[in-house]
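Asks: Structure: run_22.csv, CSV, C-alpha atoms.
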chain,number,residue,atom,x,y,z
A,1,MET,CA,-199.5,-17.8,-271.6
A,2,ALA,CA,-198.8,-14.8,-269.3
A,3,SER,CA,-201.3,-12.6,-271.1
A,4,LYS,CA,-203.9,-15.4,-270.8
A,5,LEU,CA,-203.2,-15.7,-267.1
A,6,ASP,CA,-203.5,-11.9,-266.7
A,7,ARG,CA,-206.9,-12.0,-268.5
A,8,ILE,CA,-208.1,-14.7,-266.1
A,9,ASN,CA,-207.0,-12.7,-263.1
A,10,LYS,CA,-208.6,-9.5,-264.4
A,11,ASN,CA,-211.9,-11.4,-265.1
A,12,ARG,CA,-211.8,-12.8,-261.5
A,13,LEU,CA,-211.1,-9.4,-260.1
A,14,ARG,CA,-213.9,-7.8,-262.1
A,15,SER,CA,-216.2,-10.6,-261.0
A,16,SER,CA,-215.4,-10.2,-257.3
A,17,ASN,CA,-215.8,-6.4,-257.6
A,18,VAL,CA,-219.3,-6.9,-259.2
A,19,THR,CA,-220.2,-9.4,-256.5
A,20,VAL,CA,-219.2,-6.9,-253.7
A,21,VAL,CA,-221.1,-4.0,-255.3
A,22,ILE,CA,-224.2,-6.1,-255.8
A,23,SER,CA,-224.0,-7.3,-252.1
A,24,ILE,CA,-223.5,-3.8,-250.9
A,25,SER,CA,-226.3,-2.3,-253.0
A,26,LEU,CA,-228.9,-5.0,-252.0
A,27,VAL,CA,-228.0,-4.7,-248.3
A,28,LEU,CA,-228.2,-0.9,-248.3
A,29,PHE,CA,-231.4,-1.0,-250.3
A,30,LEU,CA,-233.0,-3.3,-247.6
A,31,ILE,CA,-231.8,-0.9,-244.9
A,32,GLY,CA,-233.2,2.0,-246.9
A,33,ILE,CA,-236.6,0.4,-247.1
A,34,ILE,CA,-236.6,0.0,-243.3
A,35,GLY,CA,-235.6,3.7,-243.0
A,36,MET,CA,-238.4,4.7,-245.4
A,37,ILE,CA,-241.0,2.8,-243.3
A,38,ILE,CA,-239.9,4.6,-240.1
A,39,ILE,CA,-239.9,8.0,-241.8
A,40,ASN,CA,-243.3,7.5,-243.4
A,41,ALA,CA,-244.7,6.1,-240.1
A,42,ASN,CA,-243.5,9.2,-238.2
A,43,SER,CA,-244.9,11.5,-240.9
A,44,TYR,CA,-248.3,9.8,-240.8
A,45,ILE,CA,-248.3,10.2,-237.0
A,46,ASP,CA,-247.6,13.9,-237.3
A,47,TYR,CA,-250.3,14.1,-240.1
A,48,LEU,CA,-252.9,12.4,-237.9
A,49,LYS,CA,-252.1,14.6,-234.9
A,50,GLU,CA,-252.6,17.7,-237.0
A,51,GLN,CA,-256.1,16.4,-237.9
A,52,MET,CA,-257.0,16.1,-234.3
A,53,VAL,CA,-258.9,19.1,-232.9
A,54,ILE,CA,-260.6,20.2,-229.7
A,55,GLU,CA,-264.3,21.1,-230.2
A,56,VAL,CA,-265.8,23.8,-227.9
A,57,PHE,CA,-269.6,23.8,-227.9
A,58,PHE,CA,-271.4,26.9,-226.7
A,59,LYS,CA,-274.6,26.9,-224.7
A,60,ASN,CA,-277.5,26.5,-227.1
A,61,GLU,CA,-279.7,29.5,-226.3
A,62,LYS,CA,-283.2,29.1,-227.9
A,63,ASP,CA,-284.2,32.8,-227.5
A,64,LYS,CA,-283.7,34.4,-230.9
A,65,LYS,CA,-283.6,37.9,-229.3
A,66,ASP,CA,-280.3,37.1,-227.7
A,67,LEU,CA,-278.9,35.5,-230.9
A,68,VAL,CA,-276.8,38.5,-232.0
A,69,LYS,CA,-275.6,39.2,-228.5
A,70,ASN,CA,-274.6,35.5,-228.1
A,71,GLU,CA,-272.7,35.5,-231.4
A,72,LYS,CA,-270.8,38.6,-230.4
A,73,SER,CA,-269.8,37.0,-227.1
A,74,GLN,CA,-268.7,33.8,-228.9
A,75,LEU,CA,-266.6,35.7,-231.4
A,76,LEU,CA,-264.9,37.6,-228.6
A,77,TYR,CA,-264.2,34.3,-226.9
A,78,LEU,CA,-262.8,33.0,-230.2
A,79,ASP,CA,-260.3,36.0,-230.3
A,80,THR,CA,-259.3,35.2,-226.8
A,81,VAL,CA,-258.7,31.5,-227.6
A,82,ARG,CA,-256.5,32.4,-230.6
A,83,THR,CA,-254.1,34.3,-228.3
A,84,ASN,CA,-253.2,31.2,-226.4
A,85,PRO,CA,-249.7,29.8,-227.2
A,86,TYR,CA,-250.9,26.3,-227.8
A,87,VAL,CA,-253.4,27.2,-230.6
A,88,LYS,CA,-252.4,26.7,-234.2
A,89,SER,CA,-255.7,27.7,-235.6
A,90,ALA,CA,-259.3,28.2,-234.4
A,91,LYS,CA,-262.4,28.3,-236.5
A,92,TYR,CA,-265.9,29.5,-235.6
A,93,ILE,CA,-269.0,27.4,-236.6
A,94,SER,CA,-272.3,29.3,-236.3
A,95,LYS,CA,-275.6,27.6,-235.6
A,96,LYS,CA,-276.6,27.9,-239.3
A,97,GLN,CA,-273.3,26.4,-240.4
A,98,ALA,CA,-273.7,23.6,-237.9
A,99,VAL,CA,-277.0,22.7,-239.5
A,100,GLN,CA,-275.5,22.7,-243.0
A,101,ILE,CA,-272.7,20.4,-241.7
A,102,ALA,CA,-275.2,18.1,-240.1
A,103,LYS,CA,-277.2,17.9,-243.4
A,104,LYS,CA,-274.1,17.0,-245.3
A,105,ASP,CA,-273.0,14.4,-242.8
A,106,LEU,CA,-276.4,12.8,-242.6
A,107,GLY,CA,-277.1,13.1,-246.4
A,108,VAL,CA,-280.4,14.9,-245.7
A,109,ASP,CA,-281.7,17.9,-247.7
A,110,SER,CA,-285.1,18.2,-246.1
A,111,GLU,CA,-285.7,21.3,-244.0
A,112,ALA,CA,-288.4,19.5,-242.0
A,113,LEU,CA,-285.9,17.7,-239.9
A,114,PHE,CA,-284.1,20.9,-239.1
A,115,GLU,CA,-286.9,23.4,-238.2
A,116,GLU,CA,-285.2,24.4,-235.0
A,117,ASP,CA,-281.6,25.3,-234.5
A,118,ILE,CA,-280.9,22.2,-232.5
A,119,PHE,CA,-277.2,22.3,-233.2
A,120,PRO,CA,-275.2,24.8,-231.0
A,121,ALA,CA,-272.5,27.1,-232.3
A,122,SER,CA,-269.0,25.8,-231.7
A,123,ILE,CA,-265.2,26.4,-232.2
A,124,THR,CA,-262.8,23.9,-233.5
A,125,VAL,CA,-259.3,24.4,-232.1
A,126,ALA,CA,-256.3,22.9,-233.8
A,127,LEU,CA,-253.3,22.6,-231.5
A,128,LYS,CA,-249.6,23.0,-232.2
A,129,PRO,CA,-247.7,19.6,-232.5
A,130,GLU,CA,-245.8,20.1,-229.3
A,131,TYR,CA,-249.0,20.3,-227.3
A,132,ILE,CA,-250.7,17.2,-228.8
A,133,ASP,CA,-250.4,14.7,-226.0
A,134,SER,CA,-252.9,13.4,-223.4
A,135,THR,CA,-251.6,15.6,-220.5
A,136,HIS,CA,-251.6,18.9,-222.5
A,137,ILE,CA,-255.0,18.2,-224.0
A,138,GLU,CA,-256.7,17.6,-220.7
A,139,THR,CA,-255.2,20.8,-219.3
A,140,ILE,CA,-256.3,22.8,-222.3
A,141,LYS,CA,-259.8,21.3,-222.2
A,142,HIS,CA,-260.1,22.3,-218.5
A,143,GLN,CA,-259.0,25.8,-219.3
A,144,LEU,CA,-261.4,26.2,-222.3
A,145,GLN,CA,-264.3,24.9,-220.1
A,146,LYS,CA,-263.9,27.8,-217.6
A,147,ASN,CA,-265.8,30.4,-219.6
A,148,LYS,CA,-269.5,30.6,-218.7
A,149,ILE,CA,-270.8,30.6,-222.3
A,150,VAL,CA,-269.1,27.2,-223.0
A,151,ASP,CA,-271.3,24.2,-222.5
A,152,GLU,CA,-269.0,21.3,-223.4
A,153,VAL,CA,-265.5,20.6,-224.6
A,154,LYS,CA,-264.7,17.4,-226.6
A,155,SER,CA,-261.6,15.8,-228.0
A,156,ASP,CA,-260.3,12.4,-229.0
A,157,SER,CA,-257.6,12.3,-226.4
A,158,GLN,CA,-258.4,8.6,-225.7
A,159,LEU,CA,-257.9,7.9,-229.4
A,160,LEU,CA,-254.6,9.8,-229.3
A,161,SER,CA,-253.4,7.7,-226.3
A,162,GLN,CA,-254.3,4.4,-228.1
A,163,MET,CA,-252.6,5.7,-231.3
A,164,ASN,CA,-249.4,6.6,-229.4
A,165,LYS,CA,-249.3,3.2,-227.7
A,166,GLY,CA,-249.8,1.4,-231.1
A,167,VAL,CA,-247.2,3.5,-232.8
A,168,ASN,CA,-244.7,2.9,-230.0
A,169,LYS,CA,-245.1,-0.8,-230.4
A,170,ILE,CA,-244.7,-0.6,-234.1
A,171,THR,CA,-241.6,1.6,-233.8
A,172,ILE,CA,-240.0,-0.7,-231.3
A,173,GLY,CA,-240.7,-3.7,-233.6
A,174,ILE,CA,-239.3,-2.0,-236.7
A,175,SER,CA,-236.2,-0.8,-234.7
A,176,VAL,CA,-235.4,-4.3,-233.6
A,177,LEU,CA,-235.9,-5.6,-237.1
A,178,ALA,CA,-233.6,-2.8,-238.4
A,179,VAL,CA,-230.9,-3.8,-235.9
A,180,ILE,CA,-231.1,-7.5,-236.9
A,181,ILE,CA,-231.0,-6.6,-240.6
A,182,LEU,CA,-228.0,-4.3,-240.0
A,183,LEU,CA,-226.1,-7.0,-238.3
A,184,ILE,CA,-226.9,-9.5,-241.0
A,185,SER,CA,-225.9,-6.9,-243.6
A,186,VAL,CA,-222.6,-6.1,-242.0
A,187,SER,CA,-221.8,-9.9,-241.9
A,188,LEU,CA,-222.7,-10.4,-245.6
A,189,ILE,CA,-220.7,-7.4,-246.8
A,190,ASN,CA,-217.8,-8.4,-244.5
A,191,ASN,CA,-217.8,-12.0,-245.9
A,192,SER,CA,-217.8,-10.6,-249.5
A,193,ILE,CA,-214.9,-8.3,-248.7
A,194,ARG,CA,-212.9,-11.1,-247.0
A,195,LEU,CA,-213.3,-13.4,-250.0
A,196,LYS,CA,-212.0,-10.6,-252.2
A,197,ILE,CA,-209.0,-9.9,-250.0
A,198,TYR,CA,-208.4,-13.6,-249.5
A,199,SER,CA,-207.6,-14.0,-253.2
A,200,LYS,CA,-204.8,-11.3,-252.8
A,201,ARG,CA,-203.3,-12.7,-249.6
A,202,PHE,CA,-200.1,-13.8,-251.3
A,203,ILE,CA,-199.6,-10.4,-252.9
A,204,ILE,CA,-200.1,-8.8,-249.5
A,205,LYS,CA,-197.6,-11.0,-247.8
A,206,THR,CA,-195.1,-10.6,-250.7
A,207,MET,CA,-195.2,-6.8,-250.4
A,208,GLN,CA,-194.7,-7.1,-246.7
A,209,LEU,CA,-191.7,-9.4,-247.1
A,210,VAL,CA,-189.9,-7.0,-249.4
A,211,GLY,CA,-190.2,-4.2,-246.8
A,212,ALA,CA,-193.4,-2.3,-247.7
A,213,LYS,CA,-195.1,-0.6,-244.8
A,214,ARG,CA,-198.5,-1.8,-243.6
A,215,PHE,CA,-200.3,1.4,-244.5
A,216,PHE,CA,-198.7,1.4,-248.0
A,217,ILE,CA,-200.0,-2.1,-248.5
A,218,MET,CA,-203.5,-1.2,-247.2
A,219,LYS,CA,-203.8,2.1,-249.1
A,220,PRO,CA,-204.9,0.7,-252.5
A,221,PHE,CA,-207.3,-1.8,-250.9
A,222,LEU,CA,-208.9,0.9,-248.8
A,223,GLY,CA,-209.2,3.3,-251.8
A,224,GLN,CA,-210.9,0.6,-253.8
A,225,ALA,CA,-213.2,-0.2,-250.9
A,226,ILE,CA,-214.3,3.5,-250.7
A,227,VAL,CA,-215.1,3.4,-254.5
A,228,LEU,CA,-217.0,0.1,-254.3
A,229,GLY,CA,-218.9,1.2,-251.2
A,230,SER,CA,-219.9,4.5,-253.0
A,231,ILE,CA,-221.0,2.7,-256.1
A,232,GLY,CA,-223.1,0.2,-254.1
A,233,ALA,CA,-224.7,3.1,-252.1
A,234,VAL,CA,-225.5,5.1,-255.2
A,235,ILE,CA,-227.2,2.0,-256.8
A,236,ALA,CA,-229.2,1.5,-253.6
A,237,LEU,CA,-230.3,5.1,-253.6
A,238,ILE,CA,-231.4,4.9,-257.2
A,239,LEU,CA,-233.5,1.8,-256.3
A,240,LEU,CA,-235.0,3.6,-253.3
A,241,SER,CA,-235.8,6.7,-255.3
A,242,GLY,CA,-237.6,4.5,-257.9
A,243,VAL,CA,-239.6,2.7,-255.2
A,244,ASN,CA,-240.6,6.1,-253.6
A,245,TYR,CA,-241.6,7.6,-256.9
A,246,GLY,CA,-243.7,4.5,-257.7
A,247,LEU,CA,-245.5,4.6,-254.4
A,248,ILE,CA,-246.3,8.3,-254.8
A,249,HIS,CA,-247.2,8.0,-258.5
A,250,TYR,CA,-249.7,5.2,-257.9
A,251,ASN,CA,-251.2,7.0,-254.9
A,252,ILE,CA,-250.0,4.2,-252.5
A,253,LEU,CA,-248.1,6.8,-250.5
A,254,PRO,CA,-249.5,10.4,-250.2
A,255,PRO,CA,-246.6,12.9,-250.6
A,256,ILE,CA,-246.8,14.3,-247.0
A,257,VAL,CA,-243.3,13.3,-246.0
A,258,GLU,CA,-240.7,16.0,-245.2
A,259,TYR,CA,-238.0,15.5,-247.8
A,260,SER,CA,-235.4,16.7,-245.3
A,261,ASN,CA,-235.8,13.3,-243.6
A,262,TYR,CA,-235.1,11.6,-246.9
A,263,ILE,CA,-232.0,13.6,-247.5
A,264,LEU,CA,-230.7,12.5,-244.0
A,265,LEU,CA,-231.6,8.9,-244.9
A,266,PHE,CA,-229.7,9.0,-248.2
A,267,LEU,CA,-226.7,10.5,-246.5
A,268,PHE,CA,-226.8,7.8,-243.9
A,269,ILE,CA,-226.9,5.1,-246.5
A,270,LEU,CA,-224.0,6.6,-248.5
A,271,ILE,CA,-221.9,7.0,-245.3
A,272,LEU,CA,-222.8,3.5,-244.1
A,273,GLY,CA,-221.9,1.9,-247.4
A,274,VAL,CA,-218.4,3.5,-247.4
A,275,LEU,CA,-217.9,2.9,-243.7
A,276,ILE,CA,-218.8,-0.8,-243.8
A,277,THR,CA,-216.7,-1.6,-246.9
A,278,THR,CA,-213.7,0.4,-245.6
A,279,LEU,CA,-213.8,-1.2,-242.1
A,280,SER,CA,-214.2,-4.7,-243.5
A,281,THR,CA,-211.3,-4.2,-245.9
A,282,TRP,CA,-209.1,-2.8,-243.1
A,283,LEU,CA,-209.9,-5.8,-240.8
A,284,ALA,CA,-209.4,-8.4,-243.6
A,285,THR,CA,-206.1,-6.9,-244.8
A,286,TRP,CA,-204.8,-6.5,-241.3
A,287,ARG,CA,-205.6,-10.2,-240.6
A,288,PHE,CA,-203.4,-11.4,-243.5
A,289,LEU,CA,-200.6,-8.9,-242.6
A,290,ARG,CA,-200.4,-10.5,-239.1
A,291,LEU,CA,-200.4,-14.1,-240.4
A,292,LYS,CA,-197.1,-16.0,-240.9
A,293,LEU,CA,-196.3,-17.1,-244.4
A,294,ASP,CA,-197.0,-20.8,-243.7
A,295,ASP,CA,-200.5,-19.9,-242.3
A,296,LEU,CA,-201.6,-18.4,-245.6
A,297,TYR,CA,-202.1,-21.9,-247.0
A,298,TYR,CA,-204.5,-22.8,-244.2
A,299,SER,CA,-206.3,-19.5,-243.4
What is this structure when it is put down as structure tokens?
Replies:
Amino acid sequence: MASKLDRINKNRLRSSNVTVVISISLVLFLIGIIGMIIINANSYIDYLKEQMVIEVFFKNEKDKKDLVKNEKSQLLYLDTVRTNPYVKSAKYISKKQAVQIAKKDLGVDSEALFEEDIFPASITVALKPEYIDSTHIETIKHQLQKNKIVDEVKSDSQLLSQMNKGVNKITIGISVLAVIILLISVSLINNSIRLKIYSKRFIIKTMQLVGAKRFFIMKPFLGQAIVLGSIGAVIALILLSGVNYGLIHYNILPPIVEYSNYILLFLFILILGVLITTLSTWLATWRFLRLKLDDLYYS
């Protein structure tokens, strides 16, 4: 009879442990998905910023005698531009190259439409990430415009401003959603832990009545909480890795993300899983330690 009762208790304990691990892993997986969305959003923003360039168009001199002289002046200007601290790279596009680019963009091969060099030479300037904002771009454009051989300076600073506003709204929305999910997650894990500790409330009180210290009573519960939290976090990380691999493998997500951010996310999930389970276990155990013996039947 005693062995049968022990088997029943062990099965109940195993079942409660499995329930806690599943709850933790699913909750942490959901938090990880939110984290992945934020990381990928920031990576895409940085990627789009890097594609943004300032185009410097030179004055289109029609006199072919001055063509060589003009090109030398433009190349000297290019060298000057490259020395600026805000420049990541700068590329020179000659008049001939401009014509070839126009043909490619327009899908035209006929020379008849391009008898004259109607397209001016230019420079495309890619900025360093820390200088890619509306204020810096306008200042840089004004500085590049000062040279007398420059005709016009163009950029998509307005597009950048709109992109930043849109991204800020998305980031705020995701952050609010993440906080709500985190609160719900903590509540779900806490309830699972409380139910598990509730089944042991008489054992806890018995140990206390025979003189065991509170930390001695809590110690095995806290140790088990750390183990369960770690297992749940590892399962969540495996699921997240599988999702990330699938997105990249099927070209849904280009691999442009810095993996250092993923490492930080995985560490955060691992620590969060252990922290939540440990804190919930401590609070639940402490509650039953403070109750009187008669209150155990009604708690």
Asks: Using CA of Ile118 (chain A) and CA of Asp156 (chain A) as the two end points, give the distance in Å to one decimal.
Replies: 23.1 Å
Asks: Please provide the set of residues having any atom within 8 Å of region 218-234 of chain A, restricted to only C-alpha atoms, with same-chain residues fewer than 2 positions apart removed, written as an MDAnalysis selection string.
Replies: chainID A and resid 17 20:25 28 214:216 236:238 269:270 273:278 281:282 285
Asks: Enter the distance from CA of Asn147 (chain A) to CA of Thr135 (chain A), in Å, rounded to one decimal.
Replies: 20.5 Å
Asks: Would you compute the distance between CA of Pro120 (chain A) and CA of Leu144 (chain A)? Give it in Å to one decimal.
Replies: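 One can read the CA of Pro120 (chain A) to CA of Leu144 (chain A) distance as 16.4 Å.
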Asks: Smallest atom-to-atom distance to Val125 (chain A): which of A:Lys154, A:Lys91, A:His249, A:Lys141, using all atoms listed in the file?
Replies: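 The answer is A:Lys91, which sits nearest to Val125 (chain A).
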Asks: Give the answer as one residue: which of A:Tyr262, A:Tyr86, A:Tyr131, A:Phe268 has the shortest atom-to-atom distance to Ser43 (chain A), using only C-alpha atoms?
Replies: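 Under the stated criterion, the closest residue is A:Tyr262.
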Asks: In terms of the shortest atom-to-atom distance over only C-alpha atoms, which of A:Ala90, A:Ile204, A:Leu240, A:Val99 is closest to Ile34 (chain A)?
Replies: A:Leu240
Asks: Measuring between all atoms listed in the file, which one of A:Ile54, A:Ile31, A:Met207, A:Leu188 shows the shortest distance to Thr139 (chain A)?
Replies: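 Distance minimum relative to Thr139 (chain A) lands on A:Ile54.
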Asks: Write out as number ranges by chain the residues lying within 8 Å of region 195-198 of chain A, counting all atoms listed in the file and excluding same-chain residues fewer than 2 positions away.
Replies: A: 16-17, 191-193, 200-201, 281, 284-285
Asks: Between A:Phe57, A:Ser134, A:Leu247, A:Leu127, single out the one closest to Gln162 (chain A), counting all atoms listed in the file.
Replies: A:Ser134
Asks: Determine, counting all atoms listed in the file, which protein, DNA and RNA residues have an atom within 8 Å of an atom of region 173-177 of chain A; residues of the same chain fewer than 4 positions away are not included. Present the result as a ChimeraX atom specification.
Replies: /A:34,38,169,181
Asks: Export C-alpha atoms of the chosen residues as a PDB file, in the frame of the given file?
Replies:
ATOM      1  CA  ILE A  34    -236.600   0.000-243.300  1.00  0.00           C
ATOM      2  CA  ILE A  38    -239.900   4.600-240.100  1.00  0.00           C
ATOM      3  CA  LYS A 169    -245.100  -0.800-230.400  1.00  0.00           C
ATOM      4  CA  ILE A 181    -231.000  -6.600-240.600  1.00  0.00           C
TER       5      ILE A 181
END
Asks: Name the closest residue to Ile263 (chain A) among the candidates A:Gln143, A:Ile39, A:Thr19, A:Lys165; distances are taken between atoms, counting only C-alpha atoms.
Replies: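 Between A:Gln143, A:Ile39, A:Thr19, A:Lys165, the residue approaching Ile263 (chain A) most closely is A:Ile39.
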Asks: Mind checking which residues fall within 8 Å of Ile149 (chain A), counting all atoms listed in the file, ignoring those fewer than 6 positions away in the same chain, and posting them as a PDB file with C-alpha atoms, in the frame of the given file?
Replies:
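New file out.pdb:
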ATOM      1  CA  PHE A  58    -271.400  26.900-226.700  1.00  0.00           C
ATOM      2  CA  LYS A  59    -274.600  26.900-224.700  1.00  0.00           C
ATOM      3  CA  GLN A  74    -268.700  33.800-228.900  1.00  0.00           C
TER       4      GLN A  74
END
